[in-house]
>>> print(open('protein-v3.cif').read())   # mmCIF, C-alpha atoms
data_start
#
loop_
_atom_site.label_atom_id
_atom_site.label_comp_id
_atom_site.auth_asym_id
_atom_site.auth_seq_id
_atom_site.Cartn_x
_atom_site.Cartn_y
_atom_site.Cartn_z
CA MET A 1311 40.36 -14.59 33.76
CA GLY A 1312 37.24 -12.45 33.58
CA LEU A 1313 37.98 -11.35 30.03
CA ILE A 1314 38.87 -14.90 29.01
CA GLY A 1315 35.59 -16.08 30.52
CA ILE A 1316 33.60 -13.56 28.46
CA PHE A 1317 35.20 -14.60 25.17
CA LEU A 1318 35.05 -18.31 25.99
CA SER A 1319 31.35 -18.11 26.87
CA LEU A 1320 30.66 -16.14 23.68
CA PHE A 1321 32.53 -18.67 21.55
CA LEU A 1322 30.66 -21.57 23.13
CA LEU A 1323 27.35 -19.71 22.78
CA MET A 1324 27.88 -19.32 19.03
CA TYR A 1325 29.35 -22.77 18.47
CA LEU A 1326 26.80 -24.73 20.46
CA ALA A 1327 23.89 -22.73 19.04
CA TYR A 1328 25.21 -23.55 15.57
CA ARG A 1329 25.31 -27.20 16.62
CA GLY A 1330 21.59 -27.04 17.41
CA ILE A 1331 21.37 -26.43 21.17
CA ASN A 1332 18.46 -24.14 22.01
CA VAL A 1333 19.47 -20.62 23.03
CA LEU A 1334 16.81 -20.61 25.77
CA ILE A 1335 18.92 -23.01 27.81
CA LEU A 1336 22.29 -22.17 26.28
CA ALA A 1337 22.29 -18.41 27.00
CA PRO A 1338 21.89 -18.66 30.81
CA LEU A 1339 24.42 -21.48 31.03
CA MET A 1340 27.05 -19.55 29.08
CA ALA A 1341 26.32 -16.40 31.07
CA LEU A 1342 26.86 -18.25 34.33
CA LEU A 1343 30.07 -19.76 32.95
CA ALA A 1344 31.39 -16.23 32.43
CA VAL A 1345 30.32 -15.34 35.98
CA LEU A 1346 32.14 -18.34 37.46
CA MET A 1347 35.33 -17.54 35.57
CA SER A 1348 35.21 -13.89 36.63
CA GLY A 1349 35.05 -14.85 40.29
CA GLY A 1350 33.32 -13.01 43.10
CA ALA A 1351 29.81 -12.63 41.67
CA PRO A 1352 27.03 -14.74 43.24
CA VAL A 1353 25.80 -17.21 40.62
CA LEU A 1354 22.15 -17.68 41.67
CA ALA A 1355 21.60 -13.98 42.31
CA THR A 1356 23.08 -13.15 38.92
CA TYR A 1357 20.71 -15.60 37.26
CA THR A 1358 17.50 -14.47 38.99
CA GLN A 1359 18.24 -10.77 39.51
CA VAL A 1360 20.25 -9.91 36.41
CA PHE A 1361 19.59 -12.46 33.68
CA MET A 1362 15.88 -13.03 34.30
CA LYS A 1363 15.16 -9.39 35.12
CA SER A 1364 16.70 -8.27 31.83
CA LEU A 1365 14.93 -11.04 29.91
CA GLY A 1366 11.58 -10.09 31.42
CA GLY A 1367 12.10 -6.39 30.80
CA TYR A 1368 12.82 -7.00 27.14
CA VAL A 1369 9.74 -9.18 26.71
CA THR A 1370 7.54 -6.66 28.54
CA THR A 1371 8.64 -3.80 26.30
CA TYR A 1372 8.95 -5.39 22.87
CA PHE A 1373 6.65 -8.42 22.78
CA PRO A 1374 3.83 -6.49 21.04
CA LEU A 1375 6.18 -5.67 18.16
CA PHE A 1376 7.26 -9.29 17.73
CA LEU A 1377 3.67 -10.50 18.01
CA LEU A 1378 2.16 -8.04 15.55
CA GLY A 1379 5.06 -8.36 13.13
CA ALA A 1380 4.73 -12.16 13.05
CA ILE A 1381 0.95 -12.03 12.56
CA PHE A 1382 1.26 -9.40 9.84
CA GLY A 1383 3.86 -11.48 8.02
CA LYS A 1384 1.75 -14.63 8.21
CA VAL A 1385 -1.35 -12.77 6.99
CA MET A 1386 0.61 -11.33 4.06
CA ALA A 1387 2.01 -14.74 3.17
CA ASP A 1388 -1.19 -16.79 3.48
CA GLY A 1389 -3.28 -14.19 1.65
CA GLY A 1390 -0.90 -14.23 -1.32
CA ALA A 1391 0.11 -10.57 -0.90
CA ALA A 1392 3.78 -11.35 -0.24
CA ARG A 1393 4.02 -13.39 -3.44
CA THR A 1394 2.24 -10.71 -5.46
CA ILE A 1395 4.66 -8.02 -4.24
CA ALA A 1396 7.71 -10.20 -4.91
CA GLU A 1397 6.59 -11.20 -8.39
CA GLY A 1398 5.54 -7.63 -9.20
CA ILE A 1399 9.01 -6.33 -8.33
CA VAL A 1400 10.63 -9.11 -10.34
CA ASP A 1401 8.50 -8.17 -13.36
CA LYS A 1402 9.45 -4.49 -13.04
CA VAL A 1403 13.17 -5.05 -12.45
CA GLY A 1404 13.50 -7.91 -14.91
CA ALA A 1405 14.59 -11.51 -14.51
CA ASN A 1406 18.04 -10.54 -15.81
CA ARG A 1407 18.56 -8.59 -12.57
CA ALA A 1408 17.61 -11.47 -10.31
CA ILE A 1409 19.81 -10.39 -7.40
CA LEU A 1410 18.45 -6.82 -7.37
CA ALA A 1411 14.88 -8.13 -7.67
CA VAL A 1412 15.29 -10.39 -4.64
CA VAL A 1413 16.95 -7.67 -2.57
CA LEU A 1414 14.23 -5.13 -3.38
CA ALA A 1415 11.39 -7.60 -2.78
CA CYS A 1416 12.77 -8.45 0.68
CA GLY A 1417 13.41 -4.77 1.39
CA VAL A 1418 9.88 -3.66 0.53
CA LEU A 1419 8.31 -6.31 2.74
CA THR A 1420 10.56 -5.78 5.78
CA TYR A 1421 10.33 -1.99 5.49
CA GLY A 1422 6.57 -2.41 5.51
CA GLY A 1423 6.62 -4.29 8.81
CA VAL A 1424 6.65 -7.93 7.73
CA SER A 1425 8.82 -10.00 10.08
CA LEU A 1426 12.21 -10.70 8.52
CA PHE A 1427 11.84 -14.38 9.43
CA VAL A 1428 8.58 -14.53 7.48
CA VAL A 1429 10.08 -12.63 4.56
CA ALA A 1430 12.96 -15.08 4.28
CA PHE A 1431 10.61 -18.05 4.00
CA ALA A 1432 8.05 -16.25 1.83
CA ILE A 1433 10.58 -14.99 -0.70
CA TYR A 1434 12.78 -18.08 -0.87
CA PRO A 1435 10.68 -20.15 -3.31
CA ILE A 1436 10.33 -17.24 -5.74
CA ALA A 1437 13.98 -16.25 -5.39
CA ASN A 1438 15.13 -19.84 -5.84
CA ALA A 1439 13.18 -20.21 -9.09
CA LEU A 1440 14.52 -16.85 -10.28
CA PHE A 1441 18.13 -17.78 -9.55
CA ARG A 1442 17.68 -21.12 -11.30
CA ARG A 1443 16.17 -19.42 -14.37
CA SER A 1444 18.99 -16.85 -14.45
CA ASP A 1445 21.65 -19.54 -13.79
CA ILE A 1446 23.08 -17.67 -10.79
CA PRO A 1447 24.84 -19.85 -8.16
CA LYS A 1448 22.39 -20.86 -5.47
CA ARG A 1449 25.04 -20.22 -2.82
CA LEU A 1450 24.50 -16.48 -3.37
CA LEU A 1451 20.77 -16.73 -2.63
CA PRO A 1452 21.05 -16.52 1.20
CA ALA A 1453 23.23 -13.41 0.84
CA ALA A 1454 20.67 -11.71 -1.42
CA ILE A 1455 17.83 -12.47 1.01
CA ALA A 1456 19.93 -11.33 3.97
CA LEU A 1457 20.90 -8.07 2.23
CA GLY A 1458 17.27 -7.22 1.55
CA SER A 1459 15.91 -8.34 4.92
CA PHE A 1460 18.58 -7.84 7.58
CA THR A 1461 20.46 -4.66 6.64
CA PHE A 1462 19.20 -1.34 5.30
CA THR A 1463 15.53 -1.80 6.20
CA MET A 1464 16.28 -3.30 9.61
CA THR A 1465 18.80 -0.78 10.87
CA ALA A 1466 19.02 2.32 8.68
CA PHE A 1467 16.03 3.57 6.69
CA PRO A 1468 13.92 6.04 8.70
CA GLY A 1469 10.51 4.74 9.70
CA THR A 1470 11.35 1.06 9.71
CA PRO A 1471 9.36 -0.78 12.41
CA ALA A 1472 12.23 -3.22 13.03
CA ILE A 1473 13.01 -3.86 16.69
CA GLN A 1474 16.55 -2.43 16.34
CA ASN A 1475 14.99 0.89 15.34
CA ALA A 1476 12.54 0.80 18.25
CA ILE A 1477 15.00 -0.04 21.04
CA PRO A 1478 16.51 3.49 21.35
CA ILE A 1479 13.08 5.15 21.63
CA PRO A 1480 12.53 4.81 25.43
CA PHE A 1481 16.14 5.77 26.17
CA PHE A 1482 16.53 8.81 23.93
CA GLY A 1483 12.93 9.96 23.56
CA THR A 1484 13.21 9.71 19.77
CA ASN A 1485 10.99 7.97 17.24
CA VAL A 1486 11.48 5.56 14.35
CA PHE A 1487 12.02 8.47 11.94
CA ALA A 1488 15.02 9.86 13.85
CA ALA A 1489 18.07 10.97 11.81
CA PRO A 1490 16.31 10.69 8.44
CA PHE A 1491 19.19 12.01 6.32
CA LEU A 1492 21.93 9.88 7.89
CA GLY A 1493 19.62 6.85 7.99
CA THR A 1494 18.75 7.17 4.31
CA LEU A 1495 22.39 7.72 3.35
CA ALA A 1496 23.54 4.70 5.36
CA GLY A 1497 20.73 2.58 3.93
CA LEU A 1498 21.61 3.51 0.35
CA ILE A 1499 25.25 2.66 0.97
CA MET A 1500 24.20 -0.77 2.25
CA LEU A 1501 21.72 -1.35 -0.60
CA ILE A 1502 23.91 -0.15 -3.48
CA GLY A 1503 27.20 -1.47 -2.12
CA GLY A 1504 25.77 -4.85 -1.21
CA THR A 1505 24.01 -5.31 -4.54
CA LEU A 1506 27.09 -4.32 -6.53
CA TRP A 1507 29.19 -6.77 -4.51
CA LEU A 1508 26.74 -9.62 -5.10
CA ASP A 1509 26.56 -8.80 -8.83
CA ARG A 1510 30.35 -8.88 -8.94
CA ARG A 1511 30.46 -12.28 -7.26
CA ALA A 1512 27.83 -13.60 -9.69
CA ALA A 1513 29.83 -12.28 -12.66
CA ALA A 1514 33.01 -13.89 -11.31
CA ALA A 1515 31.18 -17.21 -10.91
CA ALA A 1516 29.84 -16.97 -14.46
CA GLY A 1517 33.39 -16.32 -15.71
CA ARG A 1518 34.47 -19.58 -14.10
CA GLY A 1519 31.57 -21.39 -15.72
CA GLU A 1520 29.72 -21.80 -12.42
CA GLY A 1521 25.96 -21.73 -12.76
CA TYR A 1522 23.02 -22.45 -10.48
CA GLY A 1523 24.33 -25.95 -9.79
CA VAL A 1524 22.64 -29.27 -9.14
CA HIS A 1525 20.53 -29.22 -5.98
CA ALA A 1526 17.96 -31.64 -4.64
CA ALA A 1527 14.45 -30.26 -4.23
CA THR A 1528 13.34 -29.45 -0.69
CA ALA A 1529 10.03 -28.74 0.98
CA ALA A 1530 10.87 -25.04 0.94
CA ASP A 1531 10.92 -25.08 -2.88
CA SER A 1532 7.17 -25.59 -3.06
CA THR A 1533 5.06 -22.55 -3.94
CA LEU A 1534 1.44 -21.68 -4.41
CA PRO A 1535 0.02 -23.10 -7.62
CA GLU A 1536 0.71 -21.03 -10.72
CA ASP A 1537 -3.03 -20.43 -11.12
CA ALA A 1538 -3.53 -19.44 -7.46
CA ASP A 1539 -5.97 -16.61 -6.85
CA LEU A 1540 -3.55 -13.82 -5.96
CA PRO A 1541 -4.47 -10.23 -5.11
CA GLY A 1542 -3.56 -7.38 -7.43
CA PHE A 1543 -0.37 -5.45 -6.76
CA ALA A 1544 -2.18 -2.35 -5.47
CA SER A 1545 -4.23 -4.44 -3.05
CA ALA A 1546 -1.16 -6.38 -1.91
CA ILE A 1547 1.00 -3.32 -1.31
CA THR A 1548 -1.69 -1.30 0.52
CA PRO A 1549 -1.10 -2.82 4.01
CA VAL A 1550 2.66 -2.31 3.60
CA VAL A 1551 2.18 1.36 2.72
CA MET A 1552 -0.24 1.70 5.62
CA VAL A 1553 2.43 0.65 8.13
CA ILE A 1554 4.80 3.39 7.01
CA ALA A 1555 2.15 6.09 6.49
CA LEU A 1556 0.23 5.48 9.72
CA ASN A 1557 3.49 5.24 11.62
CA ALA A 1558 4.37 8.75 10.44
CA VAL A 1559 0.88 10.15 11.09
CA PHE A 1560 0.70 8.88 14.66
CA THR A 1561 4.35 9.73 15.37
CA TYR A 1562 4.15 13.35 14.25
CA LEU A 1563 0.49 14.35 14.35
CA VAL A 1564 -1.71 12.27 16.62
CA ILE A 1565 0.29 11.01 19.62
CA PRO A 1566 2.25 14.24 20.30
CA ASN A 1567 -1.07 16.09 20.68
CA MET A 1568 -2.49 13.57 23.14
CA SER A 1569 -2.97 14.43 26.81
CA ALA A 1570 -0.87 11.90 28.70
CA GLU A 1571 -0.08 13.37 32.12
CA TYR A 1572 -1.20 10.07 33.64
CA LEU A 1573 2.03 8.47 32.41
CA ALA A 1574 3.85 10.19 35.28
CA GLU A 1575 1.94 8.05 37.76
CA PRO A 1576 3.74 5.01 39.27
CA VAL A 1577 1.15 2.58 37.89
CA TYR A 1578 2.19 3.59 34.34
CA GLY A 1579 5.89 3.42 35.02
CA GLU A 1580 6.53 7.10 35.74
CA THR A 1581 7.48 7.71 32.13
CA THR A 1582 6.79 10.37 29.52
CA LEU A 1583 4.87 10.42 26.26
CA ALA A 1584 8.08 11.00 24.30
CA LYS A 1585 9.51 7.70 25.55
CA VAL A 1586 6.54 5.57 24.49
CA ALA A 1587 5.17 7.46 21.48
CA GLY A 1588 7.36 5.66 18.95
CA ILE A 1589 6.41 2.19 20.15
CA TRP A 1590 2.73 3.16 20.38
CA ALA A 1591 2.84 4.36 16.77
CA ILE A 1592 4.29 1.04 15.57
CA ILE A 1593 1.67 -0.96 17.51
CA ILE A 1594 -1.21 1.07 16.04
CA SER A 1595 0.12 0.99 12.48
CA LEU A 1596 0.81 -2.76 12.49
CA THR A 1597 -2.61 -3.51 13.99
CA ALA A 1598 -4.35 -1.42 11.33
CA ALA A 1599 -2.28 -3.06 8.58
CA ILE A 1600 -3.21 -6.55 9.81
CA VAL A 1601 -6.91 -5.66 9.73
CA ALA A 1602 -6.53 -4.22 6.23
CA ALA A 1603 -4.58 -7.24 4.95
CA VAL A 1604 -7.25 -9.62 6.25
CA ALA A 1605 -10.12 -7.51 4.88
CA LEU A 1606 -8.58 -7.08 1.42
CA ASN A 1607 -7.83 -10.80 1.03
CA TRP A 1608 -10.60 -12.35 3.10
CA ARG A 1609 -11.75 -14.87 0.50
CA ARG A 1610 -8.21 -16.04 -0.21
CA PHE A 1611 -7.58 -17.39 3.28
CA VAL A 1612 -8.20 -21.05 3.93
CA ALA A 1613 -8.76 -20.27 7.62
CA VAL A 1614 -8.09 -16.78 9.01
CA LYS A 1615 -8.16 -18.07 12.58
CA GLU A 1616 -5.43 -20.60 11.84
CA THR A 1617 -3.34 -17.97 10.08
CA ILE A 1618 -3.52 -15.60 13.06
CA ASN A 1619 -2.90 -18.41 15.55
CA SER A 1620 0.10 -19.59 13.54
CA GLY A 1621 1.53 -16.07 13.43
CA THR A 1622 0.97 -15.70 17.16
CA MET A 1623 2.80 -18.90 18.00
CA GLY A 1624 5.51 -18.00 15.52
CA SER A 1625 6.33 -14.89 17.55
CA LEU A 1626 7.12 -16.76 20.76
CA LEU A 1627 10.40 -18.42 19.82
CA PRO A 1628 11.96 -15.27 18.27
CA ILE A 1629 11.04 -13.04 21.23
CA PHE A 1630 12.29 -15.47 23.87
CA ASN A 1631 15.43 -16.35 21.91
CA THR A 1632 16.23 -12.66 21.59
CA ALA A 1633 15.30 -11.93 25.21
CA SER A 1634 17.55 -14.79 26.40
CA GLU A 1635 20.44 -13.28 24.46
CA VAL A 1636 19.62 -9.90 25.98
CA GLY A 1637 19.76 -11.56 29.41
CA TYR A 1638 23.13 -13.03 28.49
CA GLY A 1639 24.32 -9.57 27.49
CA ALA A 1640 23.11 -8.08 30.77
CA VAL A 1641 25.09 -10.62 32.74
CA ILE A 1642 28.22 -9.96 30.68
CA ALA A 1643 27.71 -6.21 31.17
CA SER A 1644 27.60 -6.70 34.94
CA LEU A 1645 31.11 -8.20 35.04
CA PRO A 1646 34.19 -6.08 35.84
CA ALA A 1647 35.95 -7.20 32.64
CA PHE A 1648 33.13 -5.75 30.55
CA ALA A 1649 33.65 -2.31 32.08
CA PHE A 1650 37.30 -2.48 31.03
CA VAL A 1651 36.32 -3.23 27.40
CA ARG A 1652 33.54 -0.62 27.39
CA ASP A 1653 35.77 2.16 28.68
CA ALA A 1654 38.47 1.24 26.17
CA VAL A 1655 36.22 1.38 23.09
CA LEU A 1656 34.36 4.49 24.23
CA GLY A 1657 37.64 6.35 24.50
CA LEU A 1658 39.03 5.46 21.07
CA PHE A 1659 38.09 8.78 19.48
CA PRO A 1660 37.80 11.46 22.20
CA SER A 1661 37.20 14.25 19.67
CA ASN A 1662 34.62 12.31 17.66
CA PRO A 1663 31.81 10.92 19.84
CA VAL A 1664 29.86 9.63 16.82
CA ALA A 1665 32.77 7.45 15.70
CA SER A 1666 33.33 6.28 19.28
CA LEU A 1667 29.67 5.33 19.61
CA ALA A 1668 29.67 3.47 16.29
CA VAL A 1669 32.70 1.38 17.26
CA ALA A 1670 31.43 0.86 20.81
CA VAL A 1671 28.01 -0.41 19.71
CA ASN A 1672 29.60 -2.92 17.33
CA VAL A 1673 32.12 -4.18 19.89
CA LEU A 1674 29.67 -4.32 22.79
CA ALA A 1675 27.00 -5.99 20.66
CA GLY A 1676 29.62 -8.52 19.63
CA ILE A 1677 30.80 -9.51 23.09
CA THR A 1678 27.25 -9.59 24.49
CA GLY A 1679 26.19 -11.90 21.66
CA SER A 1680 23.21 -9.85 20.52
CA ALA A 1681 22.53 -6.78 18.40
CA SER A 1682 19.46 -6.10 20.52
CA GLY A 1683 21.43 -6.56 23.71
CA GLY A 1684 24.20 -4.28 22.50
CA CYS A 1685 21.71 -1.54 21.58
CA ARG A 1686 20.25 -1.62 25.08
CA LEU A 1687 23.57 -1.17 26.87
CA ARG A 1688 23.96 2.46 27.86
#
>>> encode(input="protein-v3.cif", output="structure tokens")
Amino acid sequence: MGLIGIFLSLFLLMYLAYRGINVLILAPLMALLAVLMSGGAPVLATYTQVFMKSLGGYVTTYFPLFLLGAIFGKVMADGGAARTIAEGIVDKVGANRAILAVVLACGVLTYGGVSLFVVAFAIYPIANALFRRSDIPKRLLPAAIALGSFTFTMTAFPGTPAIQNAIPIPFFGTNVFAAPFLGTLAGLIMLIGGTLWLDRRAAAAAGRGEGYGVHAATAADSTLPEDADLPGFASAITPVVMVIALNAVFTYLVIPNMSAEYLAEPVYGETTLAKVAGIWAIIISLTAAIVAAVALNWRRFVAVKETINSGTMGSLLPIFNTASEVGYGAVIASLPAFAFVRDAVLGLFPSNPVASLAVAVNVLAGITGSASGGCRLR
């Protein structure tokens, strides 16, 4: 019954979230459903001592990254830099390679620290017009945006400030540039393989005579005026490059040479510099990039204060949605049935721990309902 409860709660979590029920209320309810079906665990104690403790711990550790990423993305969008970068890549790649242009534009922005949620909305109008002009089925547009935003730059390429790359830092004492060769190789496989697959689907659709299609205009189709005062490409790309460059400088040169014995004190969590250096480097680099993006495009903002406030508020729902799913995952991980699944997947390849870990992370992330939650299980 415990295993059935886990899968039933996961199914209902996905289905009801898809039907529009907010994850903030849905995640604890589904977690407690799994607890009730497992039997034996105290419901209220599980909610306050497991679910909420895990939720709060996630927010405490990673909120600065969500906050700064959302502000940076909003600043890049409102200042016109995101559009300049996207259009510049389209011009270089060519409109005849619309899918590749969209993937690369999303990849550059997310790799540079712009929130993937912001990238999706910032790139959509440009990508939509490009797909229409190239007569590529619009149904392939979400896949192109997802490939560029949610795959190789979020999970593989070394140096990415994405939260999935930052989660292992406190546990393993690594940094965001860990495993550079394997990360680059995995990222290239995702980028090249995904683009080739999308090109193949577009060619198959063209062979059937399927084009862009007839679609009603939506509010998301609106863009800045064609004659909008946009920054030059060099100015637009500078904050993005700063995120990656400063991240490397502080990760390898500045922070490791800092005196941080005070971190061993209880008031600072009795931790070590190695466990916080990676997150500190991301915070510093994103902050500097925000300042640079505002300074370089100051006159292009209608109201800088409103842009920053909007970015700030835009970070709250993503962080608490993710933290709620992490809380759900923590509850699932506390159940006896989860230990059975964990031990089974970890022992699949006794002679190959890397393969075992790869399978285990995917399976555990799946049954806990969250990539972030699955990464944190150890």
>>> residues_around(input="protein-v3.cif", residues="Ala1512 (chain A)", least_positions_apart="3", cutoff="12 Å", atoms="all atoms listed in the file", output="list in words")
Asn1406, Arg1407, Ala1408, Ile1409, Leu1410, Phe1441, Ser1444, Asp1445, Ile1446, Pro1447, Lys1448, Arg1449, Leu1450, Leu1451, Ala1453, Ala1454, Thr1505, Leu1506, Trp1507, Leu1508, Asp1509, Ala1515, Ala1516, Gly1517, Arg1518, Gly1519, Glu1520, Gly1521 and Tyr1522 of chain A
>>> atom_distance(input="protein-v3.cif", atom1="CA of Gln1474 (chain A)", atom2="CA of Phe1361 (chain A)")
20.3 Å
>>> atom_distance(input="protein-v3.cif", atom1="CA of Ala1439 (chain A)", atom2="CA of Gly1458 (chain A)")
17.3 Å
>>> resolve_selection(input="protein-v3.cif", expression="the PyMOL selection byres ((chain A and resi 1601) around 12)", output="list in words")
Leu1378, Ile1381, Phe1382, Val1385, Met1386, Thr1548, Pro1549, Val1550, Met1552, Val1553, Ile1594, Ser1595, Leu1596, Thr1597, Ala1598, Ala1599, Ile1600, Ala1602, Ala1603, Val1604, Ala1605, Leu1606, Asn1607, Trp1608, Val1614 and Ile1618 of chain A
>>> closest_residue(input="protein-v3.cif", among="A:Asn1332, A:Thr1632, A:Thr1561, A:Asn1438", to="Gly1523 (chain A)", atoms="only C-alpha atoms")
A:Asn1438
>>> resolve_selection(input="protein-v3.cif", expression="the PyMOL selection byres ((chain A and resi 1468) around 8)", output="ChimeraX atom specification")
/A:1466-1467,1469-1470,1486-1490,1493-1494
>>> resolve_selection(input="protein-v3.cif", expression="the PyMOL selection byres ((chain A and resi 1471) around 8)", output="list in words")
Tyr1421, Gly1422, Gly1423, Met1464, Gly1469, Thr1470, Ala1472, Ile1473, Asn1475, Ala1476, Val1486 and Ile1592 of chain A
>>> write_last_selection(input="protein-v3.cif", atoms="C-alpha atoms", output="mmCIF file, in the coordinates of the input")
data_model
loop_
_atom_site.group_PDB
_atom_site.id
_atom_site.type_symbol
_atom_site.label_atom_id
_atom_site.label_comp_id
_atom_site.auth_asym_id
_atom_site.auth_seq_id
_atom_site.Cartn_x
_atom_site.Cartn_y
_atom_site.Cartn_z
ATOM 1 C CA TYR A 1421 10.330 -1.990 5.490
ATOM 2 C CA GLY A 1422 6.570 -2.410 5.510
ATOM 3 C CA GLY A 1423 6.620 -4.290 8.810
ATOM 4 C CA MET A 1464 16.280 -3.300 9.610
ATOM 5 C CA GLY A 1469 10.510 4.740 9.700
ATOM 6 C CA THR A 1470 11.350 1.060 9.710
ATOM 7 C CA ALA A 1472 12.230 -3.220 13.030
ATOM 8 C CA ILE A 1473 13.010 -3.860 16.690
ATOM 9 C CA ASN A 1475 14.990 0.890 15.340
ATOM 10 C CA ALA A 1476 12.540 0.800 18.250
ATOM 11 C CA VAL A 1486 11.480 5.560 14.350
ATOM 12 C CA ILE A 1592 4.290 1.040 15.570
#
>>> closest_residue(input="protein-v3.cif", among="A:Leu1501, A:Gly1383, A:His1525, A:Leu1377", to="Ala1411 (chain A)", atoms="only C-alpha atoms")
A:Leu1501
>>> closest_residue(input="protein-v3.cif", among="A:Pro1338, A:Pro1628, A:Pro1374, A:Gly1483", to="Thr1581 (chain A)", atoms="only C-alpha atoms")
A:Gly1483
>>> closest_residue(input="protein-v3.cif", among="A:Ser1459, A:Ser1620, A:Thr1394, A:Ser1644", to="Val1345 (chain A)", atoms="all atoms listed in the file")
A:Ser1644
